[in-house]
Structures are given as C-alpha cells and as structure tokens.
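Asker: Okay, so here is target.csv, and as you'll see once you scroll down, it has CSV, C-alpha atoms and all ligand atoms.
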```csv
chain,number,residue,atom,x,y,z
A,10,MET,CA,101.6,91.4,116.6
A,11,ALA,CA,101.6,95.2,117.2
A,12,TYR,CA,98.3,96.9,116.7
A,13,PRO,CA,98.2,100.6,115.8
A,14,THR,CA,97.0,103.0,118.5
A,15,TYR,CA,93.4,103.8,118.0
A,16,GLN,CA,92.1,107.3,118.7
A,17,PRO,CA,88.9,107.5,120.8
A,18,ARG,CA,85.8,108.1,118.7
A,19,THR,CA,85.1,111.8,118.3
A,20,LYS,CA,81.5,112.5,118.9
A,21,LYS,CA,79.4,112.7,115.8
A,22,THR,CA,75.8,113.4,115.6
A,23,LEU,CA,73.6,111.4,113.3
A,24,SER,CA,74.1,112.2,109.6
A,25,TRP,CA,72.1,111.6,106.5
A,26,SER,CA,73.5,111.2,103.0
A,27,ASN,CA,72.3,109.4,100.0
A,28,THR,CA,75.1,106.8,100.3
A,29,ARG,CA,74.3,106.2,104.0
A,30,ILE,CA,70.6,105.7,103.5
A,31,THR,CA,71.2,103.4,100.5
A,32,LEU,CA,73.4,101.3,102.7
A,33,LEU,CA,70.7,101.0,105.4
A,34,GLN,CA,68.2,99.9,102.8
A,35,ARG,CA,70.7,97.4,101.3
A,36,CYS,CA,71.4,95.7,104.6
A,37,GLU,CA,70.9,96.9,108.2
A,38,ARG,CA,73.8,94.9,109.5
A,39,LYS,CA,76.2,96.3,106.9
A,40,TYR,CA,75.0,99.8,108.0
A,41,TYR,CA,75.9,98.9,111.6
A,42,PHE,CA,79.4,97.6,110.7
A,43,ASN,CA,80.1,100.7,108.6
A,44,TYR,CA,78.7,103.5,110.8
A,45,TYR,CA,78.7,102.0,114.3
A,46,THR,CA,82.0,100.1,114.4
A,47,PHE,CA,82.9,101.6,117.7
A,48,ALA,CA,80.1,99.8,119.4
A,49,LEU,CA,81.9,96.5,118.9
A,50,LYS,CA,85.0,97.6,120.8
A,51,ASP,CA,84.3,96.6,124.4
A,52,GLN,CA,82.6,93.2,123.8
A,53,TYR,CA,84.3,92.1,120.6
A,54,PRO,CA,87.7,93.8,120.5
A,55,GLU,CA,89.1,91.5,117.8
A,56,LEU,CA,86.1,91.9,115.5
A,57,TRP,CA,86.2,95.6,116.1
A,58,LYS,CA,89.8,95.8,114.9
A,59,GLU,CA,88.9,93.7,111.8
A,60,THR,CA,85.9,95.8,111.0
A,61,LEU,CA,88.0,98.9,111.2
A,62,ILE,CA,90.2,97.4,108.5
A,63,LEU,CA,87.3,96.2,106.4
A,64,LYS,CA,85.8,99.7,106.5
A,65,LYS,CA,88.8,101.1,104.8
A,66,LEU,CA,88.9,98.4,102.0
A,67,LYS,CA,87.2,98.8,98.7
A,68,SER,CA,86.7,96.4,95.9
A,69,LEU,CA,88.4,96.8,92.5
A,70,GLU,CA,85.1,97.9,91.0
A,71,MET,CA,84.7,100.6,93.7
A,72,ARG,CA,88.2,101.8,92.9
A,73,ILE,CA,87.4,102.1,89.2
A,74,GLY,CA,84.6,104.5,90.2
A,75,GLU,CA,86.9,106.5,92.6
A,76,LYS,CA,89.7,106.7,90.1
A,77,SER,CA,87.4,107.7,87.3
A,78,HIS,CA,86.3,110.6,89.4
A,79,TYR,CA,89.9,111.6,90.2
A,80,LEU,CA,91.0,111.4,86.6
A,81,LEU,CA,88.0,113.4,85.3
A,82,SER,CA,88.5,116.0,88.0
A,83,ASP,CA,92.2,116.3,87.2
A,84,TYR,CA,91.3,116.8,83.5
A,85,LEU,CA,88.6,119.4,84.2
A,86,HIS,CA,90.9,121.4,86.4
A,87,LEU,CA,93.4,121.4,83.5
A,88,LEU,CA,90.7,122.3,81.0
A,89,LYS,CA,89.6,125.2,83.3
A,90,LYS,CA,93.2,126.5,83.5
A,91,TRP,CA,93.7,126.3,79.7
A,92,THR,CA,90.4,128.1,79.1
A,93,LEU,CA,90.6,130.7,81.8
A,94,ASN,CA,94.2,131.6,81.0
A,95,ALA,CA,93.4,131.6,77.3
A,96,GLU,CA,96.6,129.5,77.0
A,97,SER,CA,97.5,129.0,73.4
A,98,ILE,CA,98.0,125.3,73.6
A,99,THR,CA,98.2,123.2,70.5
A,100,ASP,CA,96.1,120.1,70.0
A,101,GLU,CA,99.3,118.1,70.2
A,102,GLU,CA,100.3,119.7,73.5
A,103,ARG,CA,96.8,119.0,74.9
A,104,GLU,CA,97.0,115.4,73.8
A,105,THR,CA,100.4,115.0,75.6
A,106,LYS,CA,99.0,116.6,78.8
A,107,ILE,CA,96.0,114.3,78.8
A,108,GLN,CA,98.2,111.3,78.1
A,109,GLU,CA,100.3,112.3,81.1
A,110,LEU,CA,97.2,112.4,83.3
A,111,LYS,CA,96.2,108.9,82.1
A,112,ASN,CA,99.7,107.6,82.7
A,113,GLN,CA,99.7,109.1,86.2
A,114,ILE,CA,96.5,107.4,87.1
A,115,LYS,CA,97.8,104.1,85.7
A,116,SER,CA,101.0,104.3,87.9
A,117,GLU,CA,98.9,105.3,90.9
A,118,MET,CA,96.6,102.2,90.4
A,119,GLU,CA,99.5,99.9,89.8
A,120,GLU,CA,101.4,101.1,92.9
A,121,GLU,CA,98.4,100.9,95.1
A,122,PHE,CA,97.5,97.5,93.8
A,123,ALA,CA,101.1,96.2,94.6
A,124,LYS,CA,100.9,97.7,98.0
A,125,SER,CA,97.6,96.1,98.7
A,126,GLN,CA,98.8,92.8,97.4
A,127,SER,CA,101.8,92.8,99.8
A,128,THR,CA,99.9,94.0,102.9
A,129,ASP,CA,99.2,91.5,105.6
A,130,PHE,CA,95.7,92.7,106.5
A,131,HIS,CA,95.2,89.9,109.0
A,132,GLY,CA,98.4,91.0,110.8
A,133,LEU,CA,97.2,94.6,110.5
A,134,GLU,CA,100.6,95.7,109.5
A,135,GLY,CA,100.7,98.9,107.5
A,136,TYR,CA,97.0,99.3,107.7
A,137,PHE,CA,96.4,102.9,108.6
A,138,ASP,CA,98.6,104.5,106.0
A,139,GLY,CA,97.8,102.0,103.4
A,140,PHE,CA,95.5,101.3,100.5
A,141,GLY,CA,93.6,98.0,100.4
A,142,LEU,CA,91.4,96.0,98.1
A,143,SER,CA,88.8,93.7,99.6
A,144,GLU,CA,89.7,91.0,97.1
A,145,HIS,CA,93.2,90.9,98.6
A,146,PHE,CA,91.8,90.7,102.1
A,147,TYR,CA,89.7,87.7,101.0
A,148,GLY,CA,92.7,86.0,99.3
A,149,GLU,CA,91.4,86.4,95.7
A,150,ASN,CA,93.8,86.6,92.8
A,151,VAL,CA,92.7,89.6,90.8
A,152,GLU,CA,96.0,90.4,89.2
A,153,ASP,CA,94.7,89.9,85.7
A,154,GLN,CA,91.8,92.3,86.5
A,155,LEU,CA,94.1,95.3,87.1
A,156,PRO,CA,94.9,96.2,83.4
A,157,ILE,CA,91.2,95.9,82.7
A,158,ALA,CA,90.4,98.2,85.6
A,159,ILE,CA,93.0,100.8,84.4
A,160,GLN,CA,91.6,100.6,80.9
A,161,LYS,CA,88.0,101.2,82.1
A,162,VAL,CA,89.1,104.3,84.0
A,163,GLN,CA,91.1,105.7,81.0
A,164,ASP,CA,88.2,104.9,78.7
A,165,ASN,CA,85.8,106.8,80.9
A,166,LEU,CA,87.9,109.9,80.3
A,167,ASP,CA,88.3,109.3,76.6
A,168,ARG,CA,84.5,109.0,76.2
A,169,PHE,CA,84.0,112.2,78.1
A,170,ILE,CA,86.4,114.1,76.0
A,171,ALA,CA,85.0,112.7,72.7
A,172,SER,CA,81.4,113.6,73.8
A,173,PRO,CA,79.5,116.9,73.2
A,174,ARG,CA,79.5,117.3,77.0
A,175,ASN,CA,83.2,118.3,76.8
A,176,GLY,CA,82.5,121.2,74.6
A,177,LYS,CA,79.6,122.4,76.8
A,178,ILE,CA,81.9,122.4,79.8
A,179,GLU,CA,84.5,124.3,77.9
A,180,ASN,CA,81.9,126.9,77.1
A,181,TYR,CA,81.0,127.2,80.8
A,182,PHE,CA,84.6,128.0,81.6
A,183,SER,CA,85.0,130.5,78.7
A,184,SER,CA,81.7,132.2,79.4
A,185,GLY,CA,83.0,133.8,82.6
A,186,HIS,CA,80.4,132.1,84.8
A,187,LEU,CA,81.4,130.9,88.2
A,188,VAL,CA,82.2,127.2,87.8
A,189,TYR,CA,82.8,124.8,90.6
A,190,VAL,CA,84.8,121.6,90.0
A,191,GLU,CA,85.0,119.1,92.9
A,192,HIS,CA,88.4,117.9,94.2
A,193,PRO,CA,87.5,114.3,95.1
A,194,ARG,CA,91.1,113.5,96.1
A,195,ASN,CA,90.8,116.0,99.0
A,196,SER,CA,87.1,116.1,99.9
A,197,ASN,CA,86.2,119.0,102.1
A,198,PHE,CA,83.8,117.5,104.6
A,199,GLU,CA,82.9,120.8,106.2
A,200,ALA,CA,81.9,122.1,102.8
A,201,MET,CA,79.8,119.0,102.2
A,202,LYS,CA,77.5,119.8,105.1
A,203,VAL,CA,74.0,121.1,104.4
A,204,ASP,CA,72.6,123.2,107.1
A,205,VAL,CA,69.1,121.7,107.7
A,206,SER,CA,68.8,122.9,111.3
A,207,LYS,CA,65.8,125.0,110.4
A,208,ILE,CA,63.9,122.2,108.8
A,209,GLU,CA,61.4,120.4,111.0
A,210,GLY,CA,62.7,117.1,112.5
A,211,LEU,CA,66.2,117.7,111.3
A,212,LYS,CA,67.6,120.0,114.0
A,213,ASP,CA,70.4,117.7,115.2
A,214,ILE,CA,71.1,116.1,111.9
A,215,THR,CA,74.1,116.5,109.6
A,216,VAL,CA,73.2,116.2,105.9
A,217,MET,CA,76.2,115.6,103.6
A,218,ALA,CA,76.1,116.4,99.9
A,219,ALA,CA,78.6,117.7,97.3
A,220,PRO,CA,78.1,117.5,93.5
A,221,ASP,CA,81.0,116.9,91.1
A,222,PHE,CA,80.4,120.0,89.1
A,223,GLY,CA,78.3,123.2,89.3
A,224,VAL,CA,77.8,126.4,87.3
A,225,THR,CA,76.3,129.7,88.5
A,226,ILE,CA,74.8,131.2,85.4
A,227,SER,CA,73.3,134.1,87.4
A,228,ASN,CA,71.9,134.7,90.9
A,229,THR,CA,68.8,132.7,89.9
A,230,ASP,CA,70.1,130.2,87.4
A,231,TYR,CA,72.2,127.2,88.2
A,232,ILE,CA,73.5,124.0,86.6
A,233,ILE,CA,74.5,120.9,88.6
A,234,LEU,CA,76.3,117.8,87.1
A,235,ASP,CA,77.3,114.6,88.8
A,236,TRP,CA,79.4,111.9,87.2
A,237,LYS,CA,78.4,108.3,87.4
A,238,SER,CA,80.9,105.5,86.7
A,239,GLY,CA,78.5,102.6,87.4
A,240,LYS,CA,75.9,101.0,85.2
A,241,GLU,CA,73.0,103.2,84.0
A,242,ASP,CA,69.8,102.5,85.8
A,243,ILE,CA,67.2,103.2,83.1
A,244,THR,CA,64.3,102.5,85.5
A,245,ALA,CA,65.4,105.2,87.9
A,246,ASP,CA,63.6,108.4,88.4
A,247,GLU,CA,64.5,111.1,85.9
A,248,ILE,CA,65.7,113.4,88.7
A,249,SER,CA,67.4,111.3,91.4
A,250,ASN,CA,67.3,112.0,95.1
A,251,GLN,CA,70.9,112.8,95.0
A,252,LEU,CA,70.4,115.6,92.5
A,253,LYS,CA,67.4,116.9,94.6
A,254,VAL,CA,69.7,117.1,97.7
A,255,TYR,CA,72.3,119.1,95.8
A,256,ALA,CA,69.5,121.5,94.7
A,257,LEU,CA,68.2,121.7,98.2
A,258,LYS,CA,71.7,122.6,99.4
A,259,MET,CA,72.0,125.4,96.9
A,260,LEU,CA,68.6,126.8,97.9
A,261,ILE,CA,69.5,126.6,101.6
A,262,LYS,CA,72.7,128.5,100.9
A,263,LYS,CA,70.5,131.2,99.3
A,264,GLY,CA,68.4,131.3,102.5
A,265,SER,CA,65.1,129.7,101.4
A,266,THR,CA,63.8,126.4,100.1
A,267,ASN,CA,61.4,128.3,97.9
A,268,MET,CA,62.1,127.8,94.2
A,269,GLU,CA,60.2,130.8,93.0
A,270,TRP,CA,62.3,132.7,90.5
A,271,ILE,CA,65.1,130.1,90.8
A,272,ARG,CA,66.0,127.8,88.0
A,273,ILE,CA,68.2,124.7,88.8
A,274,GLU,CA,69.0,122.2,86.1
A,275,ALA,CA,70.7,119.0,87.3
A,276,HIS,CA,71.9,115.9,85.5
A,277,GLU,CA,73.7,112.7,86.3
A,278,VAL,CA,76.1,111.9,83.5
A,279,TYR,CA,77.0,108.2,83.0
A,280,LEU,CA,80.6,107.9,81.9
A,281,GLN,CA,80.1,104.4,80.4
A,282,SER,CA,77.6,105.7,77.9
A,283,MET,CA,77.7,109.5,78.2
A,284,ASN,CA,73.9,109.4,78.6
A,285,SER,CA,72.6,111.8,81.1
A,286,HIS,CA,69.5,111.7,83.3
A,287,GLY,CA,68.0,114.8,85.0
A,288,GLY,CA,66.2,118.0,84.1
A,289,ILE,CA,64.9,121.2,85.6
A,290,LEU,CA,63.8,120.9,89.2
A,291,LYS,CA,60.4,121.9,90.4
A,292,GLN,CA,59.2,123.0,93.9
A,293,GLN,CA,57.7,119.5,94.3
A,294,ASP,CA,61.1,117.9,93.9
A,295,ILE,CA,62.5,120.0,96.8
A,296,ASP,CA,59.4,119.3,99.0
A,297,ASP,CA,59.7,115.6,98.2
A,298,ILE,CA,63.4,115.4,99.1
A,299,ILE,CA,62.7,117.2,102.4
A,300,THR,CA,60.0,114.7,103.2
A,301,ARG,CA,62.2,111.9,102.1
A,302,ILE,CA,65.1,113.0,104.4
A,303,GLN,CA,62.7,113.4,107.3
A,304,THR,CA,61.3,109.9,106.8
A,305,ASP,CA,64.8,108.4,106.4
A,306,VAL,CA,66.1,110.1,109.5
A,307,ALA,CA,63.1,108.8,111.5
A,308,ALA,CA,64.1,105.3,110.3
A,309,GLN,CA,67.7,105.9,111.2
A,310,LYS,CA,66.7,107.1,114.7
A,311,SER,CA,64.8,103.9,115.4
A,312,PHE,CA,68.2,102.2,115.5
A,313,LEU,CA,69.5,104.6,118.2
A,314,ILE,CA,69.3,104.4,122.0
A,315,ASP,CA,66.5,106.7,123.1
A,316,GLU,CA,66.3,107.7,119.4
A,317,ASP,CA,68.8,110.4,120.3
A,318,PRO,CA,70.6,111.7,117.2
A,319,TYR,CA,72.9,113.8,119.3
A,320,LYS,CA,74.3,110.9,121.3
A,321,ASN,CA,74.1,108.7,118.2
A,322,GLU,CA,74.6,105.4,120.1
A,323,PRO,CA,73.3,102.3,118.4
A,324,VAL,CA,70.9,99.8,119.9
A,325,ASP,CA,72.2,96.2,120.2
A,326,TYR,CA,73.6,94.9,116.9
A,327,VAL,CA,71.1,92.0,116.7
A,328,ILE,CA,68.4,94.6,116.0
A,329,PHE,CA,70.2,95.4,112.7
A,330,ARG,CA,68.8,92.7,110.5
A,331,LYS,CA,71.0,90.8,108.0
A,332,THR,CA,69.8,90.9,104.4
A,333,THR,CA,68.3,87.6,103.2
A,334,ASN,CA,69.6,88.3,99.7
A,335,ALA,CA,72.7,86.1,99.3
A,336,LYS,CA,73.8,88.0,96.2
A,337,LYS,CA,74.3,91.1,98.3
A,338,CYS,CA,76.6,89.1,100.7
A,339,GLU,CA,78.8,87.8,97.9
A,340,THR,CA,80.2,91.2,97.2
A,341,CYS,CA,80.0,92.5,100.8
A,342,THR,CA,83.3,93.7,102.3
A,343,PHE,CA,82.1,92.8,105.8
A,344,LYS,CA,81.2,89.2,105.1
A,345,ASP,CA,84.0,87.9,107.3
A,346,VAL,CA,83.1,89.7,110.4
A,347,CYS,CA,79.4,89.2,109.6
A,348,GLN,CA,79.9,85.4,109.7
A,349,LYS,CA,81.9,85.6,113.0
A,350,LEU,CA,79.5,87.8,114.9
A,351,GLU,CA,76.7,85.6,116.2
A,352,GLY,CA,73.1,86.6,115.8
B,401,LIG,S1,77.5,89.7,104.6
B,401,LIG,FE1,75.4,90.0,103.9
B,401,LIG,S2,74.2,90.1,105.8
B,401,LIG,FE2,76.4,90.4,106.4
B,401,LIG,S3,76.7,92.6,106.4
B,401,LIG,FE3,77.2,91.9,104.4
B,401,LIG,S4,75.4,92.1,103.1
B,401,LIG,FE4,74.8,92.2,105.3
```
Please rewrite the model in this file as structure tokens.

Answerer:
Amino acid sequence: MAYPTYQPRTKKTLSWSNTRITLLQRCERKYYFNYYTFALKDQYPELWKETLILKKLKSLEMRIGEKSHYLLSDYLHLLKKWTLNAESITDEERETKIQELKNQIKSEMEEEFAKSQSTDFHGLEGYFDGFGLSEHFYGENVEDQLPIAIQKVQDNLDRFIASPRNGKIENYFSSGHLVYVEHPRNSNFEAMKVDVSKIEGLKDITVMAAPDFGVTISNTDYIILDWKSGKEDITADEISNQLKVYALKMLIKKGSTNMEWIRIEAHEVYLQSMNSHGGILKQQDIDDIITRIQTDVAAQKSFLIDEDPYKNEPVDYVIFRKTTNAKKCETCTFKDVCQKLEG
C-alpha cells in the first residue's frame, strides 16, 4: 500500500476560535486528535495516518451545513450582481438561475457522495484529493439519506428566499452600503485572523473569526449576520459568543475595543426556521468576550508543554480526558482511533 507523502507540520502558534473551544469543552481527547495529530507521528505512525484521514472526513449532517452555506453564498452573490448592476431580470429568469444553483449543488453532492462511497479510506488511496463521509469510513449504508440531505440543503435556500430576510438583504445591496458576503468555498484564512496582540494575555495567540455577511451602514454603524443550518438553541444567550467575536474583530480593525459612538447589530439566522437571535451589542458584550477568550486561552495553554503558545506542543495525550458521555462518542469521527489508542 502506497501512502501519500506527508509534508512536515508548519509551525502554528496556539489559536482560539469558537469552534476550537467548543470542541475542547465537548471532549479533550477529540480536541487532541483534531488539533495535535502531529504528536502521534513518532510513537503511533499508523494511528497518526488514520487520524489524518479522519480529520478530513465529515458526517452527512455536517455536509448539509457546509453545502447550505455554499448554496446561500452562491445565491447572495448572484442577488448582489442583479441588484448592483440593476439588471432587468424577469421573475422567470430569476427562477431559472436559482434552479440552476440548486441543480448544481445537487450534482456536487451526488458526485462527492459517489466518490466517497468508492474510496478505500483504509487503504488511504485517493485520500488527499478526495471528499469523504465519516459514515462511509465506518461502513454505514447511508445511500437512502443522500436525497434527504440534498432536499434539506435546497429547502434551506427556498425558506431564505421566501422570508422577509431576503428583501432586507436586497435593500442592503441596493442602498449603496458596503456589503460583505463570505465565500465559504474559498475561505481566506489570513482575512479570518483577528489581531489580538495588544490585548493582555493574548500576545502570541491567533484568533480566527469571519461572519457570513456584513453591512457597513456608516463609519459608526454596522450589521453582522451569520447563517445557522443546525437546530435552533432557544436556551442560548441572545447574543452568542460567536457574534461577540465578530463585533470585537470589527472594533479592533477600527483601532479600539471601545464601543462609544459605535453601533453594531448582530444576528444568527436559523435557516430551518428563519428565526433569528441577536441584537445590538453593548460594551459589556465586548468586555465579556475578551475575558472569555483570555480564560479559554489559559485553559488551552494548560495542555501545552511549558504552557508555551508559540511552540504549541501538546502534553502527553493521556492528559486529554475522554468524555464520559457515550452519546458524544456515537457521532464522533475519531471513535476508531480513540478505541485503538490506549489510555
Ligand atoms: S470517541 Fe468519544 S472519547 Fe473518543 S474522542 Fe470521540 S468523543 Fe472523545
């Protein structure tokens, strides 16, 4: 069996993102597998290779979220073009174009599914240029789930277009404001970085954050929107930490974390219901998220040799505790390597 040639790990300082810290809180061992895979290489070369594969795999449910973001972004870029160019496009032509986008995402999902289904993940053939579903790695037959997944992605777009949110977005485009629409197919990691070097305790830390949609109404007035394809959490805080980080990023870009004279309105929009959660941010929200990142980073550092965020080398894997919640393990992509790695 021929293994692909692996590149040496490029040095990365410790980073914080909402996704990363959520993973650490979910299961420390999973966090280790995902962010410190390289540490397995010398002692457990076979597990290291398998973990590299598992890291790239996503479940069908995760793909629904990813594709929903792609489809919505494709549509919003089209809507922006129609609006900014003042294209005289008939309703029928619009319908046709939207249907083309939906057909395109369907073909994409079908092709990728077929490719994943025919990939020998255990032989590692075709891994690095491939697309993979964790269900296929674990030998599950999910063929009947594919049409349902495609429908969910397309329905998310249909609900968005039918909602009042669509008209509001069209107004942002036509009003002449500066509007940002994320390109999730080609994420710009450099642009995602938030410069927190001047904040106490965060000097060597990289913070990553990028909202799906933003509007600059004026030099002091901003709107941030983030699409959510998962289930709505009605118990969650009205303004999530993720939204607070986006607002922090905007303030840092302006040169100060002081919100005086600045108005930032931020919402998470749930595509399954088109309900949104959010509001106008206050100084306390910004102060809270800074404290939260500092606390999280201190926790992350405790898993590093010498607590050194620059070297970013993990302590022994046994220190990263496994969750005791069996439900979390059921859907965990890393369950195979987790069972094989003793301790
Ligand atoms: S299988 Fe369970 S314990 Fe192991 S990494 Fe996944 S969630 Fe954590």

Asker: What is the distance between atom CA of A:Gln303 and atom CA of A:Val216, in Å to one decimal?

Answerer: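 Atom-to-atom, atom CA of A:Gln303 to atom CA of A:Val216, that is 11.0 Å.
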
Asker: Tell me, as JSON, numbers by chain, which residues lie within 9 Å of A:Pro193, counting all atoms listed in the file; anything in the same chain fewer than 6 positions away does not count.

Answerer: {"A": [75, 78, 79, 82, 221]}

Asker: Could the residues of chain A that have an atom at most 12 Å from ligand LIG 401 (chain B) be listed as JSON lines, each with its closest atom pair and the distance in Å to one decimal, counting only C-alpha atoms and all ligand atoms and ordered by chain and ascending residue number?

Answerer:
```
{"residue": "A:Leu32", "atom": "CA", "partner": "B:LIG401", "partner_atom": "S4", "distance": 9.4}
{"residue": "A:Leu33", "atom": "CA", "partner": "B:LIG401", "partner_atom": "FE4", "distance": 9.7}
{"residue": "A:Gln34", "atom": "CA", "partner": "B:LIG401", "partner_atom": "FE4", "distance": 10.4}
{"residue": "A:Arg35", "atom": "CA", "partner": "B:LIG401", "partner_atom": "S4", "distance": 7.3}
{"residue": "A:Cys36", "atom": "CA", "partner": "B:LIG401", "partner_atom": "FE4", "distance": 4.9}
{"residue": "A:Glu37", "atom": "CA", "partner": "B:LIG401", "partner_atom": "FE4", "distance": 6.8}
{"residue": "A:Arg38", "atom": "CA", "partner": "B:LIG401", "partner_atom": "S3", "distance": 4.8}
{"residue": "A:Lys39", "atom": "CA", "partner": "B:LIG401", "partner_atom": "S3", "distance": 3.8}
{"residue": "A:Tyr40", "atom": "CA", "partner": "B:LIG401", "partner_atom": "S3", "distance": 7.6}
{"residue": "A:Tyr41", "atom": "CA", "partner": "B:LIG401", "partner_atom": "S3", "distance": 8.2}
{"residue": "A:Phe42", "atom": "CA", "partner": "B:LIG401", "partner_atom": "S3", "distance": 7.1}
{"residue": "A:Asn43", "atom": "CA", "partner": "B:LIG401", "partner_atom": "S3", "distance": 9.1}
{"residue": "A:Tyr44", "atom": "CA", "partner": "B:LIG401", "partner_atom": "S3", "distance": 11.9}
{"residue": "A:Thr60", "atom": "CA", "partner": "B:LIG401", "partner_atom": "S3", "distance": 10.8}
{"residue": "A:Leu63", "atom": "CA", "partner": "B:LIG401", "partner_atom": "FE3", "distance": 11.2}
{"residue": "A:Lys64", "atom": "CA", "partner": "B:LIG401", "partner_atom": "S3", "distance": 11.5}
{"residue": "A:Tyr326", "atom": "CA", "partner": "B:LIG401", "partner_atom": "S3", "distance": 11.2}
{"residue": "A:Val327", "atom": "CA", "partner": "B:LIG401", "partner_atom": "S2", "distance": 11.5}
{"residue": "A:Phe329", "atom": "CA", "partner": "B:LIG401", "partner_atom": "FE4", "distance": 9.3}
{"residue": "A:Arg330", "atom": "CA", "partner": "B:LIG401", "partner_atom": "S2", "distance": 7.6}
{"residue": "A:Lys331", "atom": "CA", "partner": "B:LIG401", "partner_atom": "S2", "distance": 3.9}
{"residue": "A:Thr332", "atom": "CA", "partner": "B:LIG401", "partner_atom": "S2", "distance": 4.7}
{"residue": "A:Thr333", "atom": "CA", "partner": "B:LIG401", "partner_atom": "S2", "distance": 6.9}
{"residue": "A:Asn334", "atom": "CA", "partner": "B:LIG401", "partner_atom": "FE1", "distance": 7.4}
{"residue": "A:Ala335", "atom": "CA", "partner": "B:LIG401", "partner_atom": "FE1", "distance": 6.6}
{"residue": "A:Lys336", "atom": "CA", "partner": "B:LIG401", "partner_atom": "FE1", "distance": 8.1}
{"residue": "A:Lys337", "atom": "CA", "partner": "B:LIG401", "partner_atom": "S4", "distance": 5.0}
{"residue": "A:Cys338", "atom": "CA", "partner": "B:LIG401", "partner_atom": "FE1", "distance": 3.5}
{"residue": "A:Glu339", "atom": "CA", "partner": "B:LIG401", "partner_atom": "S1", "distance": 7.1}
{"residue": "A:Thr340", "atom": "CA", "partner": "B:LIG401", "partner_atom": "S4", "distance": 7.7}
{"residue": "A:Cys341", "atom": "CA", "partner": "B:LIG401", "partner_atom": "FE3", "distance": 4.6}
{"residue": "A:Thr342", "atom": "CA", "partner": "B:LIG401", "partner_atom": "FE3", "distance": 6.7}
{"residue": "A:Phe343", "atom": "CA", "partner": "B:LIG401", "partner_atom": "FE3", "distance": 5.2}
{"residue": "A:Lys344", "atom": "CA", "partner": "B:LIG401", "partner_atom": "S1", "distance": 3.8}
{"residue": "A:Asp345", "atom": "CA", "partner": "B:LIG401", "partner_atom": "S1", "distance": 7.3}
{"residue": "A:Val346", "atom": "CA", "partner": "B:LIG401", "partner_atom": "FE2", "distance": 7.8}
{"residue": "A:Cys347", "atom": "CA", "partner": "B:LIG401", "partner_atom": "FE2", "distance": 4.5}
{"residue": "A:Gln348", "atom": "CA", "partner": "B:LIG401", "partner_atom": "FE2", "distance": 6.9}
{"residue": "A:Lys349", "atom": "CA", "partner": "B:LIG401", "partner_atom": "FE2", "distance": 9.8}
{"residue": "A:Leu350", "atom": "CA", "partner": "B:LIG401", "partner_atom": "FE2", "distance": 9.4}
{"residue": "A:Glu351", "atom": "CA", "partner": "B:LIG401", "partner_atom": "FE2", "distance": 10.9}
{"residue": "A:Gly352", "atom": "CA", "partner": "B:LIG401", "partner_atom": "S2", "distance": 10.7}
```

Asker: Show me, as number ranges by chain, the residues that have an atom within 12 Å of stretch 141-148 of chain A when counting only C-alpha atoms, minus same-chain residues fewer than 4 positions from it.

Answerer: A: 59-60, 62-73, 118, 120-137, 152, 154-155, 339-346

Asker: Quick one: pull the distance between atom CA of A:Val254 and atom CA of A:Gln163, Å, one decimal.

Answerer: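 Between atom CA of A:Val254 and atom CA of A:Gln163 the gap is 29.4 Å.
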
Asker: With only C-alpha atoms as the basis for distance, which of A:Leu85, A:Val188, A:Ala256, A:Ala200 is at the shortest distance from A:Thr225?

Answerer: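 That would be A:Val188, the residue with the smallest distance to A:Thr225.
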